[in-house]
file coords15.cif (mmCIF, C-alpha atoms)
data_data
loop_
_atom_site.group_PDB
_atom_site.id
_atom_site.type_symbol
_atom_site.label_atom_id
_atom_site.label_comp_id
_atom_site.auth_asym_id
_atom_site.auth_seq_id
_atom_site.Cartn_x
_atom_site.Cartn_y
_atom_site.Cartn_z
ATOM 1 C CA MET A 1 23.191 13.857 25.203
ATOM 2 C CA LYS A 2 24.761 12.888 21.877
ATOM 3 C CA LYS A 3 22.567 9.759 21.698
ATOM 4 C CA HIS A 4 19.423 11.849 22.097
ATOM 5 C CA MET A 5 20.621 14.290 19.458
ATOM 6 C CA LEU A 6 21.244 11.434 17.000
ATOM 7 C CA LEU A 7 17.821 10.005 17.714
ATOM 8 C CA PHE A 8 16.157 13.322 16.936
ATOM 9 C CA LEU A 9 18.132 13.626 13.712
ATOM 10 C CA PHE A 10 17.279 10.131 12.478
ATOM 11 C CA LEU A 11 13.704 9.891 13.787
ATOM 12 C CA PRO A 12 12.168 11.748 10.806
ATOM 13 C CA LEU A 13 14.087 9.460 8.452
ATOM 14 C CA LEU A 14 12.863 6.326 10.273
ATOM 15 C CA LEU A 15 9.273 7.537 10.259
ATOM 16 C CA ALA A 16 9.449 8.305 6.540
ATOM 17 C CA CYS A 17 10.579 4.738 5.812
ATOM 18 C CA GLU A 18 7.853 3.014 7.824
ATOM 19 C CA PRO A 19 4.912 1.751 5.774
ATOM 20 C CA GLN A 20 1.503 3.177 6.589
ATOM 21 C CA MET A 21 0.317 1.485 9.739
ATOM 22 C CA GLY A 22 -3.165 0.951 10.973
ATOM 23 C CA PRO A 23 -6.002 -1.512 10.603
ATOM 24 C CA CYS A 24 -6.883 -2.876 7.214
ATOM 25 C CA VAL A 25 -10.575 -2.336 6.608
ATOM 26 C CA HIS A 26 -13.061 -4.522 4.785
ATOM 27 C CA ILE A 27 -15.892 -2.672 3.093
ATOM 28 C CA TYR A 28 -19.299 -4.325 2.815
ATOM 29 C CA GLU A 29 -21.066 -2.631 -0.081
ATOM 30 C CA ASP A 30 -24.315 -4.573 0.356
ATOM 31 C CA PRO A 31 -25.970 -6.726 3.016
ATOM 32 C CA ILE A 32 -25.266 -10.436 2.540
ATOM 33 C CA LEU A 33 -28.989 -11.291 2.552
ATOM 34 C CA THR A 34 -31.762 -9.231 0.975
ATOM 35 C CA ILE A 35 -35.454 -10.103 1.179
ATOM 36 C CA GLN A 36 -36.292 -8.925 -2.331
ATOM 37 C CA SER A 37 -40.037 -9.606 -2.409
ATOM 38 C CA VAL A 38 -42.778 -11.287 -0.407
ATOM 39 C CA THR A 39 -46.162 -12.084 -1.921
ATOM 40 C CA SER A 40 -49.454 -13.628 -0.877
ATOM 41 C CA GLU A 41 -49.683 -17.285 -1.861
ATOM 42 C CA GLU A 42 -53.381 -16.773 -2.542
ATOM 43 C CA THR A 43 -53.492 -13.498 -4.494
ATOM 44 C CA GLY A 44 -49.923 -12.728 -5.514
ATOM 45 C CA ASP A 45 -50.173 -9.298 -3.845
ATOM 46 C CA ALA A 46 -46.984 -7.813 -2.418
ATOM 47 C CA ILE A 47 -46.660 -7.987 1.382
ATOM 48 C CA SER A 48 -44.833 -5.378 3.447
ATOM 49 C CA PRO A 49 -43.872 -4.790 6.217
ATOM 50 C CA LEU A 50 -42.683 -8.072 7.734
ATOM 51 C CA ILE A 51 -41.729 -8.881 11.289
ATOM 52 C CA ILE A 52 -38.570 -10.979 11.575
ATOM 53 C CA ASP A 53 -38.106 -13.113 14.670
ATOM 54 C CA GLU A 54 -35.981 -16.046 15.832
ATOM 55 C CA LEU A 55 -33.096 -15.172 13.527
ATOM 56 C CA LYS A 56 -30.371 -17.830 13.311
ATOM 57 C CA LEU A 57 -27.092 -18.137 11.447
ATOM 58 C CA ASP A 58 -25.852 -21.709 10.951
ATOM 59 C CA SER A 59 -28.325 -22.892 13.641
ATOM 60 C CA ASN A 60 -26.989 -20.362 16.199
ATOM 61 C CA GLU A 61 -29.360 -17.699 17.504
ATOM 62 C CA MET A 62 -28.343 -14.195 16.470
ATOM 63 C CA ASP A 63 -28.627 -11.165 18.698
ATOM 64 C CA ILE A 64 -30.897 -8.908 16.641
ATOM 65 C CA VAL A 65 -29.585 -5.740 18.314
ATOM 66 C CA PHE A 66 -25.999 -6.715 17.414
ATOM 67 C CA MET A 67 -27.050 -7.540 13.866
ATOM 68 C CA MET A 68 -28.687 -4.124 13.511
ATOM 69 C CA SER A 69 -25.335 -2.482 14.239
ATOM 70 C CA GLY A 70 -23.938 -3.852 10.948
ATOM 71 C CA ILE A 71 -24.945 -3.061 7.393
ATOM 72 C CA THR A 72 -28.725 -2.995 6.984
ATOM 73 C CA LYS A 73 -31.264 -1.824 4.436
ATOM 74 C CA ASN A 74 -34.876 -0.852 5.242
ATOM 75 C CA LEU A 75 -34.868 -2.396 8.728
ATOM 76 C CA THR A 76 -36.089 -0.846 11.936
ATOM 77 C CA PHE A 77 -36.067 -2.109 15.495
ATOM 78 C CA SER A 78 -39.139 -1.262 17.549
ATOM 79 C CA ASP A 79 -40.531 -2.754 20.770
ATOM 80 C CA SER A 80 -38.127 -5.732 20.552
ATOM 81 C CA LEU A 81 -39.298 -6.446 16.995
ATOM 82 C CA LEU A 82 -37.252 -6.337 13.810
ATOM 83 C CA ILE A 83 -39.414 -4.748 11.112
ATOM 84 C CA CYS A 84 -38.543 -5.209 7.438
ATOM 85 C CA THR A 85 -39.926 -2.848 4.826
ATOM 86 C CA VAL A 86 -39.524 -5.005 1.710
ATOM 87 C CA PRO A 87 -37.003 -5.003 0.118
ATOM 88 C CA CYS A 88 -34.795 -5.186 3.191
ATOM 89 C CA GLY A 89 -31.358 -6.587 3.877
ATOM 90 C CA PHE A 90 -28.977 -7.391 6.707
ATOM 91 C CA GLY A 91 -25.859 -9.257 7.748
ATOM 92 C CA THR A 92 -22.297 -9.653 6.515
ATOM 93 C CA GLU A 93 -21.467 -13.223 7.559
ATOM 94 C CA GLU A 94 -21.758 -16.093 5.083
ATOM 95 C CA GLY A 95 -23.814 -19.089 6.120
ATOM 96 C CA THR A 96 -27.335 -20.427 6.370
ATOM 97 C CA TYR A 97 -29.795 -17.851 7.654
ATOM 98 C CA GLU A 98 -33.060 -19.046 9.174
ATOM 99 C CA MET A 99 -35.818 -16.797 10.472
ATOM 100 C CA THR A 100 -39.473 -16.736 11.357
ATOM 101 C CA VAL A 101 -41.362 -14.084 9.404
ATOM 102 C CA SER A 102 -44.869 -12.799 9.953
ATOM 103 C CA ALA A 103 -47.198 -10.137 8.599
ATOM 104 C CA ASP A 104 -50.687 -8.961 9.488
ATOM 105 C CA GLY A 105 -53.257 -11.446 8.170
ATOM 106 C CA TYR A 106 -50.698 -14.142 7.309
ATOM 107 C CA SER A 107 -49.487 -17.276 9.080
ATOM 108 C CA ASP A 108 -45.987 -17.274 10.528
ATOM 109 C CA SER A 109 -43.482 -18.956 8.260
ATOM 110 C CA THR A 110 -39.918 -20.170 8.693
ATOM 111 C CA VAL A 111 -37.604 -19.161 5.855
ATOM 112 C CA SER A 112 -34.079 -20.466 5.307
ATOM 113 C CA MET A 113 -31.385 -19.555 2.796
ATOM 114 C CA GLN A 114 -27.672 -20.030 2.207
ATOM 115 C CA ALA A 115 -26.193 -16.530 1.874
ATOM 116 C CA LYS A 116 -22.884 -15.500 0.351
ATOM 117 C CA TYR A 117 -21.330 -12.616 -1.523
ATOM 118 C CA GLU A 118 -20.894 -13.016 -5.280
ATOM 119 C CA ASN A 119 -17.981 -10.571 -5.324
ATOM 120 C CA SER A 120 -15.349 -10.654 -2.616
ATOM 121 C CA ASN A 121 -11.990 -8.944 -2.962
ATOM 122 C CA SER A 122 -9.287 -9.615 -0.424
ATOM 123 C CA GLY A 123 -6.494 -7.175 0.123
ATOM 124 C CA CYS A 124 -6.198 -3.942 1.949
ATOM 125 C CA PRO A 125 -8.782 -2.565 1.784
ATOM 126 C CA GLY A 126 -10.967 -5.536 0.891
ATOM 127 C CA SER A 127 -14.601 -5.452 -0.168
ATOM 128 C CA SER A 128 -17.676 -7.636 -0.547
ATOM 129 C CA SER A 129 -20.723 -6.945 -2.712
ATOM 130 C CA GLU A 130 -23.743 -8.519 -4.375
ATOM 131 C CA GLY A 131 -25.165 -10.564 -1.535
ATOM 132 C CA SER A 132 -27.836 -13.232 -1.899
ATOM 133 C CA GLN A 133 -31.476 -12.350 -2.550
ATOM 134 C CA ILE A 134 -34.583 -14.259 -1.515
ATOM 135 C CA SER A 135 -38.243 -14.017 -2.469
ATOM 136 C CA PHE A 136 -41.039 -16.081 -0.933
ATOM 137 C CA THR A 137 -44.774 -16.318 -0.369
ATOM 138 C CA LEU A 138 -46.854 -16.231 2.794
ATOM 139 C CA THR A 139 -50.120 -18.080 3.378
ATOM 140 C CA PRO A 140 -53.149 -16.081 4.544
ATOM 141 C CA GLU A 141 -54.516 -17.090 7.977
#
call {"tool": "encode", "arguments": {"input": "coords15.cif", "output": "structure tokens"}}
result
Amino acid sequence: MKKHMLLFLFLPLLLACEPQMGPCVHIYEDPILTIQSVTSEETGDAISPLIIDELKLDSNEMDIVFMMSGITKNLTFSDSLLICTVPCGFGTEEGTYEMTVSADGYSDSTVSMQAKYENSNSGCPGSSSEGSQISFTLTPE
């Protein structure tokens, strides 16, 4: 009985001395890859929306549904298609992204880019911001 009484007396003191416990979070302020602009190779006109397919990271196929659960910007998922309203962004993992993009009236094109965050702060909490941006042209059919 005395042991239990001592435990109850010292428990608040022990809890007060413990550092805050819990997971350390990492905050992604921006997607790691943003498609900033897409234009027609022939006219220079802006193209939007795009359909993104066959998305790979470092030559490994990415599950688009899983990717959509992370940080995204101007992306929708409809009928098994990833639709980008330019500018759009996605992802948080550094590496080489490769994807097939298409738009009405334009030939499919494979686009590849090394993506990384310009600002990355470790610590608790940590953060990453200012991902890579890409612009490209598409060829009319």
call {"tool": "residues_around", "arguments": {"input": "coords15.cif", "residues": "stretch 77-87 of chain A", "least_positions_apart": "6", "cutoff": "9 Å", "atoms": "only C-alpha atoms", "output": "compact mmCIF listing (two decimals) with C-alpha atoms, keeping the file's coordinate frame"}}
result
# COMPACT_ATOMS: atom_id res chain seq x y z
CA THR A 34 -31.76 -9.23 0.98
CA ILE A 35 -35.45 -10.10 1.18
CA GLN A 36 -36.29 -8.93 -2.33
CA SER A 37 -40.04 -9.61 -2.41
CA VAL A 38 -42.78 -11.29 -0.41
CA ALA A 46 -46.98 -7.81 -2.42
CA ILE A 47 -46.66 -7.99 1.38
CA SER A 48 -44.83 -5.38 3.45
CA PRO A 49 -43.87 -4.79 6.22
CA LEU A 50 -42.68 -8.07 7.73
CA ILE A 51 -41.73 -8.88 11.29
CA ILE A 52 -38.57 -10.98 11.58
CA ASP A 53 -38.11 -13.11 14.67
CA ILE A 64 -30.90 -8.91 16.64
CA VAL A 65 -29.58 -5.74 18.31
CA MET A 68 -28.69 -4.12 13.51
call {"tool": "closest_residue", "arguments": {"input": "coords15.cif", "among": "A:Leu138, A:Asp58, A:Gly44, A:Phe66", "to": "A:Ser109", "atoms": "all atoms listed in the file"}}
result
A:Leu138
call {"tool": "resolve_selection", "arguments": {"input": "coords15.cif", "expression": "the PyMOL selection byres ((chain A and resi 32) around 10)", "output": "PyMOL selection string"}}
result
chain A and resi 28-31+33-34+71-72+89-95+114-118+128-133
call {"tool": "closest_residue", "arguments": {"input": "coords15.cif", "among": "A:Thr76, A:Asn60, A:Thr139, A:Ser120", "to": "A:Asp104", "atoms": "all atoms listed in the file"}}
result
A:Thr139
call {"tool": "atom_distance", "arguments": {"input": "coords15.cif", "atom1": "atom CA of A:Thr100", "atom2": "atom CA of A:Ile134"}}
result
14.0 Å
call {"tool": "atom_distance", "arguments": {"input": "coords15.cif", "atom1": "atom CA of A:Asn121", "atom2": "atom CA of A:Leu55"}}
result
27.5 Å
call {"tool": "axis_aligned_box", "arguments": {"input": "coords15.cif", "around": "stretch 78-95 of chain A", "padding_each_side": "5 Å", "output": "JSON"}}
result
{"center_x": -31.0, "center_y": -10.2, "center_z": 10.4, "size_x": 29.1, "size_y": 27.8, "size_z": 30.7}
call {"tool": "resolve_selection", "arguments": {"input": "coords15.cif", "expression": "the PyMOL selection byres ((chain A and resi 140) around 6)", "output": "PDB file with C-alpha atoms, keeping the file's coordinate frame"}}
result
ATOM      1  CA  GLY A 105     -53.257 -11.446   8.170  1.00  0.00           C
ATOM      2  CA  TYR A 106     -50.698 -14.142   7.309  1.00  0.00           C
ATOM      3  CA  SER A 107     -49.487 -17.276   9.080  1.00  0.00           C
ATOM      4  CA  THR A 139     -50.120 -18.080   3.378  1.00  0.00           C
ATOM      5  CA  GLU A 141     -54.516 -17.090   7.977  1.00  0.00           C
TER       6      GLU A 141
END
call {"tool": "atom_distance", "arguments": {"input": "coords15.cif", "atom1": "atom CA of A:Leu57", "atom2": "atom CA of A:Asp45"}}
result
29.1 Å
call {"tool": "residues_around", "arguments": {"input": "coords15.cif", "residues": "A:Gly126", "least_positions_apart": "6", "cutoff": "7 Å", "atoms": "all atoms listed in the file", "output": "NGL selection string"}}
result
:A and (25-27)
call {"tool": "closest_residue", "arguments": {"input": "coords15.cif", "among": "A:Met62, A:Lys56, A:Val101, A:Met67", "to": "A:Thr137", "atoms": "only C-alpha atoms"}}
result
A:Val101
call {"tool": "residues_near_point", "arguments": {"input": "coords15.cif", "point": "(-33.2, -18.7, 2.7)", "cutoff": "7 Å", "atoms": "only C-alpha atoms", "output": "JSON, numbers by chain"}}
result
{"A": [97, 98, 111, 112, 113, 114, 134]}
call {"tool": "closest_residue", "arguments": {"input": "coords15.cif", "among": "A:Thr43, A:Thr96, A:Pro125, A:Glu54", "to": "A:Pro23", "atoms": "all atoms listed in the file"}}
result
A:Pro125
call {"tool": "decode", "arguments": {"input": "coords15.cif", "residues": "stretch 114-128 of chain A", "atoms": "N, CA, C and O atoms", "output": "PDB file, in the first residue's frame"}}
result
ATOM      1  N   GLN A 114      14.920  16.131 -62.762  1.00  0.00           N
ATOM      2  CA  GLN A 114      15.448  15.907 -61.421  1.00  0.00           C
ATOM      3  C   GLN A 114      14.773  16.919 -60.507  1.00  0.00           C
ATOM      4  O   GLN A 114      14.825  18.125 -60.760  1.00  0.00           O
ATOM      5  N   ALA A 115      14.131  16.447 -59.438  1.00  0.00           N
ATOM      6  CA  ALA A 115      13.404  17.334 -58.535  1.00  0.00           C
ATOM      7  C   ALA A 115      14.011  17.293 -57.140  1.00  0.00           C
ATOM      8  O   ALA A 115      14.365  16.226 -56.641  1.00  0.00           O
ATOM      9  N   LYS A 116      14.130  18.476 -56.551  1.00  0.00           N
ATOM     10  CA  LYS A 116      14.615  18.575 -55.170  1.00  0.00           C
ATOM     11  C   LYS A 116      14.082  19.864 -54.564  1.00  0.00           C
ATOM     12  O   LYS A 116      13.631  20.762 -55.281  1.00  0.00           O
ATOM     13  N   TYR A 117      14.135  19.934 -53.251  1.00  0.00           N
ATOM     14  CA  TYR A 117      13.744  21.146 -52.547  1.00  0.00           C
ATOM     15  C   TYR A 117      14.956  22.058 -52.403  1.00  0.00           C
ATOM     16  O   TYR A 117      16.049  21.600 -52.066  1.00  0.00           O
ATOM     17  N   GLU A 118      14.759  23.345 -52.650  1.00  0.00           N
ATOM     18  CA  GLU A 118      15.834  24.323 -52.465  1.00  0.00           C
ATOM     19  C   GLU A 118      16.075  24.586 -50.985  1.00  0.00           C
ATOM     20  O   GLU A 118      17.209  24.811 -50.576  1.00  0.00           O
ATOM     21  N   ASN A 119      15.001  24.597 -50.203  1.00  0.00           N
ATOM     22  CA  ASN A 119      15.119  24.842 -48.766  1.00  0.00           C
ATOM     23  C   ASN A 119      14.646  23.606 -48.018  1.00  0.00           C
ATOM     24  O   ASN A 119      13.512  23.163 -48.201  1.00  0.00           O
ATOM     25  N   SER A 120      15.521  23.088 -47.173  1.00  0.00           N
ATOM     26  CA  SER A 120      15.153  21.927 -46.364  1.00  0.00           C
ATOM     27  C   SER A 120      15.764  22.109 -44.988  1.00  0.00           C
ATOM     28  O   SER A 120      16.978  22.256 -44.849  1.00  0.00           O
ATOM     29  N   ASN A 121      14.902  22.163 -43.987  1.00  0.00           N
ATOM     30  CA  ASN A 121      15.343  22.360 -42.609  1.00  0.00           C
ATOM     31  C   ASN A 121      15.077  21.096 -41.811  1.00  0.00           C
ATOM     32  O   ASN A 121      13.935  20.659 -41.700  1.00  0.00           O
ATOM     33  N   SER A 122      16.148  20.526 -41.268  1.00  0.00           N
ATOM     34  CA  SER A 122      15.951  19.357 -40.415  1.00  0.00           C
ATOM     35  C   SER A 122      15.602  19.862 -39.024  1.00  0.00           C
ATOM     36  O   SER A 122      15.604  21.050 -38.754  1.00  0.00           O
ATOM     37  N   GLY A 123      15.324  18.986 -38.162  1.00  0.00           N
ATOM     38  CA  GLY A 123      14.939  19.358 -36.805  1.00  0.00           C
ATOM     39  C   GLY A 123      13.542  18.878 -36.524  1.00  0.00           C
ATOM     40  O   GLY A 123      12.961  18.115 -37.292  1.00  0.00           O
ATOM     41  N   CYS A 124      13.024  19.349 -35.441  1.00  0.00           N
ATOM     42  CA  CYS A 124      11.699  18.917 -35.022  1.00  0.00           C
ATOM     43  C   CYS A 124      10.880  20.127 -34.617  1.00  0.00           C
ATOM     44  O   CYS A 124      11.148  20.708 -33.576  1.00  0.00           O
ATOM     45  N   PRO A 125       9.946  20.588 -35.407  1.00  0.00           N
ATOM     46  CA  PRO A 125       9.573  20.026 -36.711  1.00  0.00           C
ATOM     47  C   PRO A 125      10.544  20.471 -37.802  1.00  0.00           C
ATOM     48  O   PRO A 125      11.178  21.510 -37.699  1.00  0.00           O
ATOM     49  N   GLY A 126      10.619  19.693 -38.862  1.00  0.00           N
ATOM     50  CA  GLY A 126      11.413  20.032 -40.030  1.00  0.00           C
ATOM     51  C   GLY A 126      10.502  20.548 -41.126  1.00  0.00           C
ATOM     52  O   GLY A 126       9.279  20.440 -41.038  1.00  0.00           O
ATOM     53  N   SER A 127      11.087  21.123 -42.168  1.00  0.00           N
ATOM     54  CA  SER A 127      10.261  21.617 -43.269  1.00  0.00           C
ATOM     55  C   SER A 127      11.048  21.589 -44.573  1.00  0.00           C
ATOM     56  O   SER A 127      12.277  21.603 -44.571  1.00  0.00           O
ATOM     57  N   SER A 128      10.309  21.534 -45.670  1.00  0.00           N
ATOM     58  CA  SER A 128      10.877  21.609 -47.009  1.00  0.00           C
ATOM     59  C   SER A 128      10.020  22.553 -47.835  1.00  0.00           C
ATOM     60  O   SER A 128       8.785  22.533 -47.723  1.00  0.00           O
TER      61      SER A 128
END
